[in-house]
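*Asks:* Here it is: the structure, laid out below.
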Amino acid sequence: MKRDDLLDLNDVLQHPGRKLEVDVSTELPEEEDLDLVKPLEGYLEAVSTGNILLITGKFSTRAVLECARCTEPLEVDVEFEIDEQFPVEGIPSSYNSGDFARVAADEPFEMFEGNNLIVENLLRQGLLVEIPLQPLCKFGWDGDCPIARAKGRAAAPGQGRPEFEKLANLIKPGEDGV
Ligand SMILES: [Zn+2]
């Protein structure tokens with residue numbers, strides 16, 4: 001199977017200390033749940049110590065999310081850094097060992113095909129961790145958001161804030177008839 005998002009790291013793996021730097025720009029076409037306003041752009045650096053493959057990088061994009069309170073579309077800048085380590089098996093071929101080094105990644109989902117990094121899988125993982133779980137528009141939880149008001153989502157306790165709801169119950173026990 002040929003994939004166009006593979007980054008060949010074999011040269012890096014067979015030559016510990018040799019650094020590969022690449023600029024990456026992708027729209028993560030396989031990520032259907034994510035609406036990006038602009039491509040995910042950044043750079044990756046890869047270097048092997050012989051036993052460990054180090055991959056670092058920095059990326060940014062802009063995603064369309066939904067306000068957790070009023071559910072209006074909301075554009076959010078997302079930035080994240082990559083800092084990953086993968087174990088390497090075998091002896092680099094540049095040591096004239098008759099052997100060769102290979103990535104022995106033990107990941108919950110596929111990150112490598114042989115010594116090729118599946119770039120989009122690495123970036124998807126980094127991006128999803130960084131996406132805010134409860135993004136808010138400029139009115140936040142308590143502001144007088146006209147859209148939230150129109151939808152009956154005024155700044156009332158319990159609107160998506162279970163921790164505040166618990167506090168309210170502590171302050172006024174039994175008020176709701178319990
Ligand atoms: Zn909102």
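To be explicit about the labels: the chains of the structure tokens are called A, B, and onward in the order shown, and within each one the residues are counted from 1, while ligands get numbers from 1 in the order they are shown.
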What lies within 6 Å of segment 32-35 of chain A using only C-alpha atoms, ignoring chain neighbours under 2 positions off, as a count of residues only?
*Replies:* 3
*Asks:* Distance limit 12 Å, reference ligand 1, atoms considered: only C-alpha atoms and all ligand atoms. Which residues make the cut? Give them as a ChimeraX atom specification.
*Replies:* /A:65-75,134-151,153-155,159
*Asks:* Only N, CA and C atoms, please: the residues just picked out, written as a compact mmCIF listing (two decimals), in the first residue's frame.
*Replies:*
# COMPACT_ATOMS: atom_id res chain seq x y z
N LEU A 65 -14.79 24.99 16.06
CA LEU A 65 -15.38 24.18 17.13
C LEU A 65 -16.76 24.74 17.43
N GLU A 66 -17.40 24.19 18.46
CA GLU A 66 -18.74 24.63 18.83
C GLU A 66 -18.68 25.16 20.26
N CYS A 67 -19.20 26.35 20.47
CA CYS A 67 -19.22 26.89 21.84
C CYS A 67 -19.97 25.93 22.75
N ALA A 68 -19.37 25.60 23.89
CA ALA A 68 -19.97 24.61 24.79
C ALA A 68 -21.25 25.12 25.43
N ARG A 69 -21.45 26.45 25.41
CA ARG A 69 -22.65 27.00 26.05
C ARG A 69 -23.75 27.29 25.02
N CYS A 70 -23.41 28.09 23.99
CA CYS A 70 -24.47 28.52 23.06
C CYS A 70 -24.45 27.71 21.76
N THR A 71 -23.48 26.84 21.59
CA THR A 71 -23.32 25.93 20.44
C THR A 71 -23.10 26.65 19.11
N GLU A 72 -22.79 27.94 19.14
CA GLU A 72 -22.45 28.65 17.91
C GLU A 72 -21.06 28.20 17.43
N PRO A 73 -20.82 28.23 16.10
CA PRO A 73 -19.48 27.91 15.60
C PRO A 73 -18.45 28.90 16.14
N LEU A 74 -17.27 28.38 16.38
CA LEU A 74 -16.26 29.17 17.06
C LEU A 74 -14.90 28.80 16.46
N GLU A 75 -14.17 29.81 15.96
CA GLU A 75 -12.84 29.52 15.41
C GLU A 75 -11.79 29.65 16.50
N GLN A 134 -14.12 22.10 26.10
CA GLN A 134 -15.28 22.97 26.25
C GLN A 134 -14.92 24.39 25.81
N PRO A 135 -14.76 24.57 24.49
CA PRO A 135 -14.43 25.93 24.03
C PRO A 135 -15.60 26.86 24.27
N LEU A 136 -15.29 28.13 24.51
CA LEU A 136 -16.35 29.10 24.79
C LEU A 136 -16.18 30.32 23.91
N CYS A 137 -17.28 30.90 23.45
CA CYS A 137 -17.22 32.14 22.70
C CYS A 137 -16.88 33.26 23.67
N LYS A 138 -16.88 34.50 23.17
CA LYS A 138 -16.36 35.61 23.99
C LYS A 138 -17.21 35.87 25.23
N PHE A 139 -18.43 35.35 25.29
CA PHE A 139 -19.27 35.59 26.46
C PHE A 139 -18.96 34.64 27.62
N GLY A 140 -18.22 33.57 27.32
CA GLY A 140 -17.87 32.63 28.38
C GLY A 140 -19.10 31.97 28.97
N TRP A 141 -18.98 31.47 30.20
CA TRP A 141 -20.11 30.82 30.86
C TRP A 141 -21.11 31.82 31.42
N ASP A 142 -20.63 33.01 31.80
CA ASP A 142 -21.46 33.92 32.58
C ASP A 142 -21.88 35.18 31.87
N GLY A 143 -21.27 35.48 30.72
CA GLY A 143 -21.60 36.71 30.01
C GLY A 143 -23.01 36.67 29.45
N ASP A 144 -23.53 37.86 29.08
CA ASP A 144 -24.89 37.94 28.57
C ASP A 144 -24.88 37.62 27.09
N CYS A 145 -24.76 36.36 26.75
CA CYS A 145 -24.67 35.92 25.36
C CYS A 145 -26.06 35.90 24.76
N PRO A 146 -26.34 36.75 23.73
CA PRO A 146 -27.70 36.81 23.17
C PRO A 146 -28.13 35.48 22.57
N ILE A 147 -27.19 34.75 22.01
CA ILE A 147 -27.55 33.47 21.39
C ILE A 147 -27.92 32.45 22.45
N ALA A 148 -27.12 32.44 23.53
CA ALA A 148 -27.42 31.52 24.62
C ALA A 148 -28.78 31.86 25.22
N ARG A 149 -29.07 33.17 25.35
CA ARG A 149 -30.36 33.59 25.92
C ARG A 149 -31.50 33.13 25.01
N ALA A 150 -31.33 33.33 23.70
CA ALA A 150 -32.37 32.93 22.75
C ALA A 150 -32.61 31.42 22.80
N LYS A 151 -31.57 30.68 23.11
CA LYS A 151 -31.71 29.23 23.16
C LYS A 151 -32.05 28.73 24.55
N ARG A 153 -30.29 29.19 27.20
CA ARG A 153 -29.09 28.73 27.90
C ARG A 153 -28.43 29.89 28.63
N ALA A 154 -29.23 30.62 29.40
CA ALA A 154 -28.67 31.71 30.19
C ALA A 154 -27.71 31.13 31.22
N ALA A 155 -26.99 32.04 31.87
CA ALA A 155 -25.93 31.60 32.78
C ALA A 155 -26.51 31.00 34.06
N GLN A 159 -25.60 24.39 33.82
CA GLN A 159 -25.43 24.35 32.37
C GLN A 159 -24.01 23.92 32.03
*Asks:* Which residues in segment 13-100 of chain A does DSSP call helix (DSSP H, G or I)? List them as a list in words.
*Replies:*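 So the helix (DSSP H, G or I) residues in segment 13-100 of chain A would be Leu13, Gln14, Ser93, Ser94 and Tyr95 of chain A.
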*Asks:* Save the residues we just selected, N, CA, C and O atoms, as a PDB file, in the first residue's frame?
*Replies:*
ATOM      1  N   LEU A  13      17.678   6.326  10.873  1.00  0.00           N
ATOM      2  CA  LEU A  13      17.819   5.160  11.764  1.00  0.00           C
ATOM      3  C   LEU A  13      19.148   4.440  11.549  1.00  0.00           C
ATOM      4  O   LEU A  13      19.732   3.916  12.503  1.00  0.00           O
ATOM      5  N   GLN A  14      19.625   4.406  10.310  1.00  0.00           N
ATOM      6  CA  GLN A  14      20.886   3.702  10.040  1.00  0.00           C
ATOM      7  C   GLN A  14      22.100   4.585  10.342  1.00  0.00           C
ATOM      8  O   GLN A  14      23.233   4.110  10.330  1.00  0.00           O
ATOM      9  N   SER A  93      22.944  -0.055  10.125  1.00  0.00           N
ATOM     10  CA  SER A  93      23.748  -0.646   9.054  1.00  0.00           C
ATOM     11  C   SER A  93      25.027   0.148   8.810  1.00  0.00           C
ATOM     12  O   SER A  93      26.005  -0.377   8.283  1.00  0.00           O
ATOM     13  N   SER A  94      25.037   1.439   9.229  1.00  0.00           N
ATOM     14  CA  SER A  94      26.248   2.240   9.022  1.00  0.00           C
ATOM     15  C   SER A  94      27.393   1.766   9.918  1.00  0.00           C
ATOM     16  O   SER A  94      28.533   2.170   9.751  1.00  0.00           O
ATOM     17  N   TYR A  95      27.085   0.884  10.898  1.00  0.00           N
ATOM     18  CA  TYR A  95      28.143   0.317  11.741  1.00  0.00           C
ATOM     19  C   TYR A  95      28.747  -0.948  11.106  1.00  0.00           C
ATOM     20  O   TYR A  95      29.528  -1.652  11.751  1.00  0.00           O
TER      21      TYR A  95
END
*Asks:* Could you pull out all residues of segment 5-156 of chain A with a DSSP call of strand (DSSP E) and give them as number ranges by chain?
*Replies:* A: 6-8, 20-26, 35-48, 52-66, 73-89, 102-103, 112-113, 116-118
*Asks:* Rank nothing, just name the residue among A:Val12, A:Leu6, A:Met111, A:Leu127 nearest to Val47 of chain A, using only C-alpha atoms.
*Replies:*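 Looking only at the distances to Val47 of chain A, the closest residue turns out to be A:Val12.
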*Asks:* Ranking A:Gly17, A:Pro29, A:Gly50, A:Gly152 by minimum distance to Pro92 of chain A and counting only C-alpha atoms, which one comes first?
*Replies:*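 When distances to Pro92 of chain A are compared using only C-alpha atoms, the smallest one comes from A:Gly50.
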*Asks:* Can you pull out the residues contacting Ala46 of chain A? Cut-off 9 Å, using only C-alpha atoms, and skip same-chain residues under 6 positions away; I want them as a PyMOL selection string.
*Replies:* chain A and resi 9+12+18-22+53-57
*Asks:* Record the distance separating atom CA of Val103 of chain A and atom CA of Pro39 of chain A, expressed in Å with one decimal.
*Replies:* 28.4 Å
*Asks:* What separation in Å, quoted to one decimal, exists between atom CA of Ile118 of chain A and atom CA of Leu36 of chain A?
*Replies:*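 Atom CA of Ile118 of chain A sits 19.8 Å away from atom CA of Leu36 of chain A.
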*Asks:* At what distance in Å, to one decimal, does atom CA of Ala101 of chain A lie from atom CA of Glu41 of chain A?
*Replies:*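 Distance between the two atoms: 29.5 Å.
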*Asks:* Can you tell me which residues surround Val78 of chain A at a distance of at most 7 Å, considering only C-alpha atoms, apart from same-chain residues fewer than 5 positions away, and format the answer as a VMD selection string?
*Replies:* chain A and resid 60 to 62 130 to 131
*Asks:* Which neighbours of Ile52 of chain A fall inside 7 Å, counting only C-alpha atoms, when residues of the same chain fewer than 5 positions from it are skipped, and could you give them as a count of residues only?
*Replies:* 4
